[in-house]
Amino acid sequence: MAILIRGGTVVNHDWSRRADVLVEDGVIVAVGPDLEAPAGAEVIEAGGAYVLPGGIDPHTHLDFMFMGTVSADDFEWGTKAALSGGTTMVVDFCIPGPGQSMLSAYQDYRRKAERATSDYGFHMGVTGWDRDTFNDMETVVKTYGINTFKHFLAYKGALMVNDDELYHSFSRCASLGALPLVHAENGDVVFRLQERYLREGITGPEGHAYSRPPEVEGEATNRAIMIADMAGSPLYVVHTSCRQSHEAIARARAAGKRVWGEPLIQHLVLDDGEYQNRDWDYAARRVMSPPFRPKEHQASLWAGLQSGSLHVVATDHCAFTTEQKRLGAADFTRIPNGTGGLEDRMAVLWTAGVGTGRLTREEFVAVTSANIARILNIYPRKGAVAVGSDADLVVWDPAATRTISAASQISRIDYNVFEGYEVTGLPAVVLSRGKVAWIDRELRAEAGDGQYVPRPAFPAVAVADAQWRELNAPKRVERIDVTP
Ligand SMILES: NC(=O)NCCC(=O)O
Ligand SMILES: [Zn+2]
């Protein structure tokens with residue numbers, strides 16, 4: 001089946017120009033001016049709109065068992081929501097349950113994802129350290145095609161790992177050519193602050209923000225960066241939400257360390273005033289970790305995206321219904337952590353980024369697809385409008401408008417944290433591996449259309465580790481013998 005997208009302006013992270021795009025069998029076969037439509041091809045008139053690589057959201061939690069419940073968007077509805085907003089691939093977190101091996105967790109997640117409508121991949125969670133974990137990591141990389149491992153420095157007593165476990169796992173990642181990811185919040189300090197605010201009678205959602213100040217994130221980000229450096233490993237910091245964390249990343253990069261930072265669309269446009277809302281449900285629906293920050297942190301995150309010290313805009317889509325949020329009605333530490341954003345990420349970022357002049361169109365492509373495709377080692381199969389790339393394409397209408405509302409969303413939850421936000425710039429047509437998934441505000445994607453995307457490892461960085469050891473090797477000091 002061939003599709004010709006005619007009369008658009010192709011925008012990649014590194015170039016833009018007027019060009020048609022011809023797709024055959026799910027792959028881009030030509031990009032250029034005045035392309036001929038082969039016999040029988042479907043022609044999509046772009047009408048001067050932009051033609052972008054499909055978005056990649058590298059941070060979702062679909063069908064995730066967490067804090068005593070399961071996130072409401074499963075792989076079918078989460079990826080439908082994604083496609084309707086121009087995101088054609090998600091990378092979800094395969095988190096082993098208590099006592100479960102990575103290998104068994106992987107099988108579970110492949111089953112859960114069978115009804116995905118868009119392409120998908122996984123990061124593997126490291127929730128402890130032992131010989132089996134060490135061995136299984138190799139299978140995860142070499143057999144399952146997962147080149148990223150996620151570590152939580154938060155969620156004490158559940159997913160949290162300590163520095164010893166972190167160092168072991170980062171070292172193992174380095175030797176396997178995998179990239180460690182870190183959720184950087186100091187879980188020990190968060191736990192103590194939670195106790196303190198509960199003792200003081202603060203039980204509502206505002207206590208969530210009070211107990212997770214930017215300092216817990218800044219400290220943990222800096223610690224993870226230093227441990228990664230000592231283990232000879234690069235590092236990707238998920239949901240960088242504040243100036244302290246961004247500065248730690250920028251400092252590390254200025255010192256030559258390979259560290260990447262991922263702000264979320266929520267942190268770029270929403271602030272901690274949301275937790276002061278008198279309506280408990282309203283505030284609880286916005287409980288996520290890290291929490292929304294005071295407004296001044298947003299300027300730092302935008303500056304990071306503009307200057308290149310932050311690299312990817314994700315959502316951490318982990319959607320819980322209001323009823324699920326009420327599990328924490330008497331105690332904010334029991335409110336399931338997570339919000340939605342998958343279907344709105346691209347439009348909100350375009351509006352708040354390109355629409356305000358903060359980002360160029362090319363930078364928009366960089367932070368929504370190309371950068372993460374390179375970080376995850378799937379570029380240019382994903383993240384590019386180029387011959388040979390998967391035909392994950394978005395015809396982006398920069399003039400289309402919509403007011404975001406839960407009433408018209410695809411996500412299964414009953415609210416939207418961007419409710420009332422007016423966006424300018426929306427996907428008119430979305431192709432997922434050459435199939436029309438979204439057109440005329442109608443979803444065509446079907447359960448099972450999505451494919452698993454394995455990702456090859458990078459060359460192992462054990463050499464860098466060895467160099468580090470050599471540079472920092474303790475030197476023996478010859479001393480005069482003063483023993484009597
Ligand atoms: N972010 C969040 O609040 N929930 C999902 C789990 C995580 O990423 O921390
Ligand atoms: Zn997450």
# chains A, B, ... in the order shown; residues from 1 in each chain; ligands from 1
>>> select_by_dssp(residues="segment 307-430 of chain A", states="helix (DSSP H, G or I)", output="ChimeraX atom specification")
/A:307,322-328,332-334,345-354,361-375,406-408
>>> residues_near_ligand(ligand="ligand 1", cutoff="7 Å", atoms="only C-alpha atoms and all ligand atoms", output="number ranges by chain")
A: 61, 183, 287-290, 316, 318, 337-339
>>> write_last_selection(atoms="N, CA and C atoms", output="CSV table (one decimal), in the first residue's frame")
chain,number,residue,atom,x,y,z
A,61,HIS,N,3.6,4.8,31.7
A,61,HIS,CA,3.3,3.7,32.6
A,61,HIS,C,1.9,3.2,32.2
A,183,HIS,N,15.2,7.9,38.3
A,183,HIS,CA,14.1,8.7,38.9
A,183,HIS,C,14.8,9.3,40.1
A,287,VAL,N,-1.5,15.0,41.6
A,287,VAL,CA,-0.4,14.4,42.4
A,287,VAL,C,0.5,13.5,41.6
A,288,MET,N,1.7,13.9,41.4
A,288,MET,CA,2.7,13.0,40.7
A,288,MET,C,4.0,13.3,41.2
A,289,SER,N,5.0,12.5,40.9
A,289,SER,CA,6.4,12.7,41.5
A,289,SER,C,7.4,12.8,40.3
A,290,PRO,N,8.2,13.8,40.3
A,290,PRO,CA,8.2,15.0,41.2
A,290,PRO,C,6.9,15.8,41.0
A,316,ASP,N,5.5,11.0,31.3
A,316,ASP,CA,5.3,10.1,32.4
A,316,ASP,C,3.8,9.7,32.6
A,318,CYS,N,0.8,8.2,33.5
A,318,CYS,CA,0.5,7.2,34.5
A,318,CYS,C,-0.8,7.6,35.1
A,337,ASN,N,0.4,8.0,42.6
A,337,ASN,CA,1.2,9.1,42.0
A,337,ASN,C,1.1,8.9,40.5
A,338,GLY,N,0.7,10.0,39.8
A,338,GLY,CA,0.7,9.9,38.3
A,338,GLY,C,-0.4,10.8,37.7
A,339,THR,N,-0.1,11.3,36.5
A,339,THR,CA,-1.1,12.1,35.8
A,339,THR,C,-1.0,11.6,34.3
>>> residues_near_ligand(ligand="ligand 2", cutoff="12 Å", atoms="only C-alpha atoms and all ligand atoms", output="count of residues only")
47
>>> select_by_dssp(residues="segment 136-218 of chain A", states="strand (DSSP E)", output="list of chain:residue names")
A:Thr148, A:Phe149, A:Lys150, A:His151, A:Phe152, A:Leu179, A:Pro180, A:Leu181, A:Val182, A:His183
>>> closest_atom_pairs(of="segment 259-378 of chain A", to="segment 201-220 of chain A", cutoff="10 Å", atoms="only C-alpha atoms", output="tab-separated table")
residue	atom	partner	partner_atom	distance
A:Asp272	CA	A:Ala209	CA	7.4
A:Gly273	CA	A:Glu206	CA	9.2
A:Glu274	CA	A:Glu206	CA	8.7
A:Tyr275	CA	A:Glu206	CA	5.0
A:Gln276	CA	A:Glu206	CA	6.3
A:Asn277	CA	A:Glu206	CA	8.9
A:Trp280	CA	A:Pro205	CA	7.3
A:Asp281	CA	A:Pro205	CA	9.0
A:Tyr282	CA	A:Pro205	CA	9.4
A:Ala283	CA	A:Pro205	CA	6.0
A:Ala284	CA	A:Pro205	CA	5.4
A:Arg285	CA	A:Pro205	CA	8.9
A:Arg286	CA	A:Pro205	CA	8.4
A:Val287	CA	A:Pro205	CA	6.7
A:Met288	CA	A:His208	CA	8.3
A:Ser289	CA	A:Arg212	CA	8.0
A:Pro290	CA	A:Arg212	CA	6.9
A:Pro291	CA	A:Ala209	CA	5.5
A:Phe292	CA	A:Ala209	CA	7.4
A:Arg293	CA	A:Pro214	CA	7.8
A:Pro294	CA	A:Pro214	CA	9.5
A:His297	CA	A:Pro214	CA	9.2
A:Gly328	CA	A:Gly204	CA	8.4
A:Ala329	CA	A:Gly204	CA	7.4
A:Ala330	CA	A:Thr203	CA	6.2
A:Asp331	CA	A:Thr203	CA	4.8
A:Phe332	CA	A:Pro205	CA	5.3
A:Thr333	CA	A:His208	CA	6.8
A:Arg334	CA	A:His208	CA	9.8
A:Ile335	CA	A:Pro205	CA	7.9
A:Asn337	CA	A:His208	CA	9.5
>>> write_last_selection(atoms="N, CA and C atoms", output="tab-separated table (two decimals), in the first residue's frame")
chain	number	residue	atom	x	y	z
A	272	ASP	N	2.90	24.58	41.08
A	272	ASP	CA	2.45	23.99	42.34
A	272	ASP	C	1.22	24.67	42.95
A	273	GLY	N	0.80	25.78	42.36
A	273	GLY	CA	-0.45	26.42	42.80
A	273	GLY	C	-1.63	25.45	42.68
A	274	GLU	N	-1.50	24.48	41.80
A	274	GLU	CA	-2.58	23.50	41.58
A	274	GLU	C	-2.91	22.74	42.86
A	275	TYR	N	-1.90	22.54	43.72
A	275	TYR	CA	-2.15	21.75	44.94
A	275	TYR	C	-2.87	22.55	46.02
A	276	GLN	N	-3.01	23.86	45.78
A	276	GLN	CA	-3.70	24.71	46.77
A	276	GLN	C	-5.20	24.76	46.50
A	277	ASN	N	-5.62	24.12	45.41
A	277	ASN	CA	-7.05	24.16	45.07
A	277	ASN	C	-7.88	23.60	46.22
A	280	TRP	N	-10.53	18.87	46.85
A	280	TRP	CA	-9.56	17.78	47.08
A	280	TRP	C	-9.31	16.99	45.79
A	281	ASP	N	-10.38	16.65	45.09
A	281	ASP	CA	-10.23	15.85	43.86
A	281	ASP	C	-9.33	16.57	42.86
A	282	TYR	N	-9.58	17.89	42.70
A	282	TYR	CA	-8.79	18.66	41.73
A	282	TYR	C	-7.30	18.54	42.06
A	283	ALA	N	-6.97	18.77	43.32
A	283	ALA	CA	-5.55	18.76	43.70
A	283	ALA	C	-4.97	17.35	43.62
A	284	ALA	N	-5.74	16.36	44.06
A	284	ALA	CA	-5.22	14.98	44.08
A	284	ALA	C	-4.97	14.45	42.67
A	285	ARG	N	-5.78	14.89	41.72
A	285	ARG	CA	-5.58	14.44	40.33
A	285	ARG	C	-4.23	14.89	39.79
A	286	ARG	N	-3.66	15.90	40.41
A	286	ARG	CA	-2.37	16.45	39.94
A	286	ARG	C	-1.18	15.92	40.75
A	287	VAL	N	-1.45	14.97	41.64
A	287	VAL	CA	-0.35	14.40	42.44
A	287	VAL	C	0.48	13.48	41.56
A	288	MET	N	1.71	13.87	41.37
A	288	MET	CA	2.66	13.03	40.67
A	288	MET	C	4.05	13.33	41.24
A	289	SER	N	5.00	12.47	40.93
A	289	SER	CA	6.35	12.66	41.45
A	289	SER	C	7.35	12.77	40.32
A	290	PRO	N	8.19	13.80	40.33
A	290	PRO	CA	8.17	14.95	41.23
A	290	PRO	C	6.90	15.77	41.03
A	291	PRO	N	6.53	16.56	42.07
A	291	PRO	CA	5.31	17.37	41.94
A	291	PRO	C	5.51	18.58	41.03
A	292	PHE	N	4.41	19.23	40.68
A	292	PHE	CA	4.54	20.50	39.95
A	292	PHE	C	5.30	21.48	40.85
A	293	ARG	N	6.08	22.33	40.24
A	293	ARG	CA	7.01	23.19	40.98
A	293	ARG	C	6.56	24.65	40.95
A	294	PRO	N	7.09	25.49	41.86
A	294	PRO	CA	6.86	26.93	41.74
A	294	PRO	C	7.27	27.41	40.35
A	297	HIS	N	10.75	27.67	38.33
A	297	HIS	CA	11.51	26.53	37.81
A	297	HIS	C	11.25	26.31	36.32
A	328	GLY	N	-6.23	7.82	48.62
A	328	GLY	CA	-5.44	8.63	49.55
A	328	GLY	C	-6.26	9.73	50.21
A	329	ALA	N	-7.56	9.53	50.34
A	329	ALA	CA	-8.42	10.60	50.87
A	329	ALA	C	-8.00	11.06	52.27
A	330	ALA	N	-7.48	10.12	53.07
A	330	ALA	CA	-7.15	10.49	54.45
A	330	ALA	C	-5.65	10.72	54.64
A	331	ASP	N	-4.87	10.47	53.59
A	331	ASP	CA	-3.41	10.47	53.76
A	331	ASP	C	-2.76	10.66	52.38
A	332	PHE	N	-2.13	11.81	52.17
A	332	PHE	CA	-1.60	12.12	50.83
A	332	PHE	C	-0.56	11.10	50.35
A	333	THR	N	0.08	10.39	51.28
A	333	THR	CA	1.11	9.43	50.82
A	333	THR	C	0.49	8.21	50.15
A	334	ARG	N	-0.83	8.09	50.25
A	334	ARG	CA	-1.50	6.95	49.61
A	334	ARG	C	-2.21	7.33	48.31
A	335	ILE	N	-2.11	8.58	47.90
A	335	ILE	CA	-2.71	8.97	46.62
A	335	ILE	C	-1.84	8.38	45.50
A	337	ASN	N	0.43	8.00	42.65
A	337	ASN	CA	1.22	9.06	41.97
A	337	ASN	C	1.12	8.91	40.46
>>> atom_distance(atom1="atom CA of Leu35 of chain A", atom2="atom CA of Leu426 of chain A")
25.3 Å
